[in-house]
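Undergrad: Here it is, the structure, as structure tokens.
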Amino acid sequence: MSLPSSDQTKQPDGLTTMQLGAVLPKTAQVKDGHLFIGGVDMVELAHEQGTALYVFDEEDLRSRMEAYRESFHSRYANSEALYASKAFLNKEVLRIAQEEGMCLDVSGGGELACARAVGFPMERVFVHGNNKTPQELREAIEAGVGRIVVDSRIELARVSKIAGELGVEQPILMRITPGVEADTHEYIKTGCEDSKFGFTMLDDFAFKCVGDALAAPHVKLVGFHCHIGSQIFALHSFREAVEVMIKFAARVKETYGLEITDLDMGGGLGIAYTVDDKPSSIDEFAECTTSAVKDCCARYGVAEPRLLVEPGRSLVANAGVTLYTVGILKTLPNIRKYVAIDGGMSDNIRTALYHADYEAVIANKADQPRTEIVTLCGKHCESGDAVVLDGSIQHPEIGDTVCVFGTGAYCYTMSSTYNGQPRPAIVFVRDGKARVVTRRETYADLMARDL
């Protein structure tokens with residue numbers, strides 16, 4: 001694995017921190033040349049807590065949860081927003097999600113265990129995954145989760161069997177692959193026909209499997225689920241998916257006599273990772289989705305179901321940043337300028353995985369323009385280990401505090417201990433106060449399970 005060739009024609013953008021716009025957390029500001037988030041000096045915080053360090057703007061996080069809740073409820077009263085915990089999971093974010101009236105989407109036994117540990121109401125939990133193990137299904141059904149999103153006929157049989165053994169009837173949704181091609185990276189498309197997820201609509205397979213679900217004992221089919229992908233900017237993709245799903249529901253009603261009560265349209269709203277990104281707002285997403293459901297229900301003669309959406313990235317990505325310390329500088333003339341930081345692919349795999357783009361600043365020079373093009377490379381033994389590829393930044397020096405924006409989603413949850421690197425601590429900041437909500441991993445933690 002190696003880095004893509006450097007673009008020698010790229011010029012620094014000359015922007016200062018506060019000109020980065022939607023990339024920034026809500027409370028970001030610059031005072032005396034330093035970056036502050038939540039009223040906390042990021043340079044001082046880095047010195048106090050060490051780096052690499054994940055930092056979350058709690059006010060930003062809560063305001064986005066409120067925006068989802070209010071944007072949908074004001075347009076479609078019978079709606080719920082589920083926090084997709086795969087984007088970022090620890091106990092504190094689940095406590096906040098509960099306080100903010102969110103439901104919860106979990107995709108594995110560990111995520112469910114975390115929800116149980118904080119007392120999250122199990123009836124508000126939805127369980128996902130294309131290959132839930134029998135043990136995970138048993139744990140979910142025993143816990144009394146609100147819905148299991150069934151992904152295959154094999155899983156349908158498993159849920160039916162386990163629910164029967166436990167003497168309960170388990171409400172389920174069927175995940176349908178709608179065949180809608182979202183305009184996003186191929187690794188995060190999930191709604192196209194060539195997908196490991198859900199019941200395909202090809203050859204009427206999903207439609208026939210509805211009959212299987214209705215015939216299965218100990219389960220109750222209450223609705224359908226679809227998810228077309230992540231980091232989506234084009235809202236028409238969601239409208240197209242809604243039409244496919246409502247049309248499918250109308251046909252199910254006509255043939256099987258089932259009027260669904262739940263329609264889960266997944267998540268996938270894109271966010272601004274760079275200053276050039278122009279994602280739709282939560283409000284625009286809500287308007288598109290709710291109006292599409294109302295229009296299609298009226299057109300196809302279907303009663304308006306409870307509408308569910310599952311935001312993850314669009315709740316937490318921009319609320320989170322990662323702080324690093326510059327350790328090594330290396331310039332290769334006419335090739336690339338490397339700025340080595342004390343983290344990398346162990347705390348942010350997205351850049352190595354699919355060349356994700358991020359914006360970065362030097363937090364102790366936050367009022368200065370970004371005058372250089374550099375690659376923020378990590379400390380790991382991989383040529384492709386980098387966090388920012390050929391990005392604009394202020395003039396770097398050894399010991400500077402670097403802040404990379406938009407790292408709140410799919411960084412901590414996909415982190416590793418490669419090269420024996422302990423995972424960073426997580427700090428929430430609000431009203432001038434910083435609190436550690438997940439401590440930094442230690443060397444002892446790395447070896448704790450070894451015999």
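Residues are referred to by chain and number: the chain letter is A, B, ... according to the order shown in the structure tokens, the number counts from 1 in that chain, and ligands are numbered separately from 1 in the order shown.
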Please return, as a PyMOL selection string, all residues of range 196-281 of chain A that DSSP assigns to alpha helix (DSSP H) on the basis of the backbone.

TA: chain A and resi 205-215+236-256

Undergrad: Tell me which protein, DNA and RNA residues are within 9 Å of range 70-75 of chain A, counting only C-alpha atoms, leaving out same-chain ones fewer than 2 positions away, and put them as a ChimeraX atom specification.

TA: /A:65-68,77-81,282-287,289-291,307

Undergrad: Residues within 10 Å of range 374-387 of chain A, please, as a ChimeraX atom specification. Count only C-alpha atoms; anything in the same chain fewer than 2 positions from it doesn't count.

TA: /A:1-4,6,12,324,326-331,336-353,355-360,371-372,389-396,402,404,418-421

Undergrad: Store the residues picked out above, limited to C-alpha atoms, as an mmCIF file, in the first residue's frame.

TA:
data_model
loop_
_atom_site.group_PDB
_atom_site.id
_atom_site.type_symbol
_atom_site.label_atom_id
_atom_site.label_comp_id
_atom_site.auth_asym_id
_atom_site.auth_seq_id
_atom_site.Cartn_x
_atom_site.Cartn_y
_atom_site.Cartn_z
ATOM 1 C CA MET A 1 0.000 0.000 0.000
ATOM 2 C CA SER A 2 1.440 3.363 -1.010
ATOM 3 C CA LEU A 3 0.283 6.945 -1.344
ATOM 4 C CA PRO A 4 -1.062 8.294 -4.638
ATOM 5 C CA SER A 6 1.557 14.027 -5.268
ATOM 6 C CA PRO A 12 -2.132 26.297 -0.877
ATOM 7 C CA TYR A 324 -1.722 15.469 16.947
ATOM 8 C CA VAL A 326 4.305 17.252 14.793
ATOM 9 C CA GLY A 327 7.369 15.045 15.281
ATOM 10 C CA ILE A 328 9.326 14.929 12.009
ATOM 11 C CA LEU A 329 9.526 17.156 8.915
ATOM 12 C CA LYS A 330 10.828 15.794 5.622
ATOM 13 C CA THR A 331 10.853 17.567 2.254
ATOM 14 C CA ARG A 336 6.250 15.827 -1.509
ATOM 15 C CA LYS A 337 6.569 17.530 1.882
ATOM 16 C CA TYR A 338 5.913 15.124 4.743
ATOM 17 C CA VAL A 339 4.782 16.262 8.179
ATOM 18 C CA ALA A 340 4.879 13.262 10.499
ATOM 19 C CA ILE A 341 2.375 13.202 13.366
ATOM 20 C CA ASP A 342 2.053 10.949 16.416
ATOM 21 C CA GLY A 343 -0.909 8.971 15.127
ATOM 22 C CA GLY A 344 -2.096 7.887 11.706
ATOM 23 C CA MET A 345 -3.876 4.877 10.311
ATOM 24 C CA SER A 346 -4.349 3.384 13.783
ATOM 25 C CA ASP A 347 -6.660 6.247 14.774
ATOM 26 C CA ASN A 348 -7.938 7.170 11.284
ATOM 27 C CA ILE A 349 -7.953 4.377 8.706
ATOM 28 C CA ARG A 350 -10.214 6.208 6.240
ATOM 29 C CA THR A 351 -7.450 7.951 4.303
ATOM 30 C CA ALA A 352 -5.430 4.769 3.841
ATOM 31 C CA LEU A 353 -8.590 2.808 3.054
ATOM 32 C CA HIS A 355 -8.050 8.248 0.203
ATOM 33 C CA ALA A 356 -10.560 10.221 2.254
ATOM 34 C CA ASP A 357 -10.109 13.990 2.286
ATOM 35 C CA TYR A 358 -9.788 16.163 5.395
ATOM 36 C CA GLU A 359 -8.971 19.737 6.300
ATOM 37 C CA ALA A 360 -6.289 20.463 8.892
ATOM 38 C CA THR A 371 0.509 28.721 3.017
ATOM 39 C CA GLU A 372 1.950 25.247 2.413
ATOM 40 C CA LEU A 389 -2.911 13.917 1.420
ATOM 41 C CA ASP A 390 -1.478 17.075 -0.187
ATOM 42 C CA GLY A 391 -3.496 19.434 1.977
ATOM 43 C CA SER A 392 -3.142 23.113 2.805
ATOM 44 C CA ILE A 393 -1.786 23.991 6.231
ATOM 45 C CA GLN A 394 0.088 26.747 8.033
ATOM 46 C CA HIS A 395 3.909 26.597 8.083
ATOM 47 C CA PRO A 396 4.678 23.513 10.206
ATOM 48 C CA VAL A 402 -2.198 19.839 14.427
ATOM 49 C CA VAL A 404 -7.708 17.529 11.739
ATOM 50 C CA TYR A 418 -1.266 -1.477 14.913
ATOM 51 C CA ASN A 419 2.425 -1.339 15.839
ATOM 52 C CA GLY A 420 1.351 -1.535 19.487
ATOM 53 C CA GLN A 421 -0.117 1.963 19.372
#

Undergrad: When you look at Arg175 in chain A with a cut-off of 8 Å (counting only C-alpha atoms), what residues show up, excluding the ones that are within fewer than 4 positions of it in the same chain? I need them as a list in words.

TA: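 These residues fall inside the cut-off: Val149, Val150, Asp151, Phe197, Gly198, Phe199, Phe224, His225 and Cys226 of chain A.
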
Undergrad: Using only C-alpha atoms, pick whichever of A:Asp295, A:Val275, A:Gly110, A:Ala434 has the shortest atom-to-atom distance to Gln19 in chain A.

TA: A:Val275

Undergrad: Select, from A:Phe36, A:Tyr354, A:Tyr76, A:Phe248, the residue with the minimum atom-to-atom distance to Arg306 in chain A, counting only C-alpha atoms.

TA: A:Tyr76

Undergrad: Kindly assemble as a tab-separated table a list of the range 352-431 of chain A residues that lie within 9 Å of range 28-32 of chain A, each paired with its nearest atom pair and their distance in Å to one decimal, using only C-alpha atoms, sorted first by chain and then by ascending residue number.

TA:
residue	atom	partner	partner_atom	distance
A:Ala363	CA	A:Val30	CA	8.9
A:Asn364	CA	A:Asp32	CA	9.0
A:Ala366	CA	A:Val30	CA	6.4
A:Asp367	CA	A:Val30	CA	6.5

Undergrad: Next, write the just-selected residues to a file, as a short mmCIF file (atom, residue, chain, number, x, y, z; two decimals), in the first residue's frame, keeping C-alpha atoms as the atom set.

TA:
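Done, and the output landed in selection-v9.cif:
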data_model
loop_
_atom_site.label_atom_id
_atom_site.label_comp_id
_atom_site.auth_asym_id
_atom_site.auth_seq_id
_atom_site.Cartn_x
_atom_site.Cartn_y
_atom_site.Cartn_z
CA ALA A 363 -3.97 24.87 16.28
CA ASN A 364 -1.26 27.15 17.71
CA ALA A 366 -4.94 29.12 13.80
CA ASP A 367 -5.14 32.81 12.86
#

Undergrad: Just the number, please: distance in Å from CA of Lys26 in chain A to CA of Asp105 in chain A, one decimal.

TA: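 Pair CA of Lys26 in chain A / CA of Asp105 in chain A returns 24.8 Å.
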
Undergrad: Give the answer as one residue: which of A:Glu92, A:Asp212, A:Glu44, A:Glu100 has the shortest atom-to-atom distance to Ser63 in chain A, using only C-alpha atoms?

TA: A:Glu100

Undergrad: Figure out the distance between CA of Thr133 in chain A and CA of Gly164 in chain A, please, to one decimal in Å.

TA: 16.8 Å

Undergrad: Using only C-alpha atoms, which protein or nucleic acid residues come within 9 Å of Glu142 in chain A? Drop anything in the same chain fewer than 4 positions from it, and give the result as a PyMOL selection string.

TA: chain A and resi 137-138+163+166+168

Undergrad: At what distance in Å, to one decimal, does CA of Phe88 in chain A lie from CA of Tyr410 in chain A?

TA: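 So the answer is 6.3 Å.
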
Undergrad: Can you list, as an MDAnalysis selection string, all residues belonging to range 70-301 of chain A that DSSP tags as strand (DSSP E or B)?

TA: chainID A and resid 79:84 103:106 125:127 147:150 170:177 189 199:200 219:225 229 232 262:264 269

Undergrad: Pick from A:Ala22, A:Val43, A:Leu53, A:Val302: nearest to Thr438 in chain A, with only C-alpha atoms counted?

TA: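 Result for the nearest residue to Thr438 in chain A: A:Leu53.
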
Undergrad: Which neighbours of Val309 in chain A fall inside 7 Å, counting only C-alpha atoms, when residues of the same chain fewer than 4 positions from it are skipped, and could you give them as a short mmCIF file (atom, residue, chain, number, x, y, z; two decimals) with C-alpha atoms, in the first residue's frame?

TA:
data_model
loop_
_atom_site.label_atom_id
_atom_site.label_comp_id
_atom_site.auth_asym_id
_atom_site.auth_seq_id
_atom_site.Cartn_x
_atom_site.Cartn_y
_atom_site.Cartn_z
CA GLU A 80 -38.09 8.76 14.79
CA ALA A 81 -34.40 9.39 14.32
CA LEU A 82 -32.10 6.50 15.27
CA ASP A 264 -36.90 2.77 7.80
CA MET A 265 -35.05 4.72 5.11
CA GLY A 266 -31.61 4.35 6.67
CA GLY A 267 -29.10 7.17 6.82
#

Undergrad: Kindly indicate which residue among A:Gly39, A:Pro134, A:Gly320, A:Pro178 lies nearest to Thr407 in chain A, using only C-alpha atoms for the distances.

TA: A:Gly320

Undergrad: Could you check which of A:Gln135, A:Ser160, A:Gln368, A:Ser85 is closest to Gly109 in chain A, using only C-alpha atoms?

TA: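 Comparing A:Gln135, A:Ser160, A:Gln368, A:Ser85 against Gly109 in chain A, the winner is A:Gln135.
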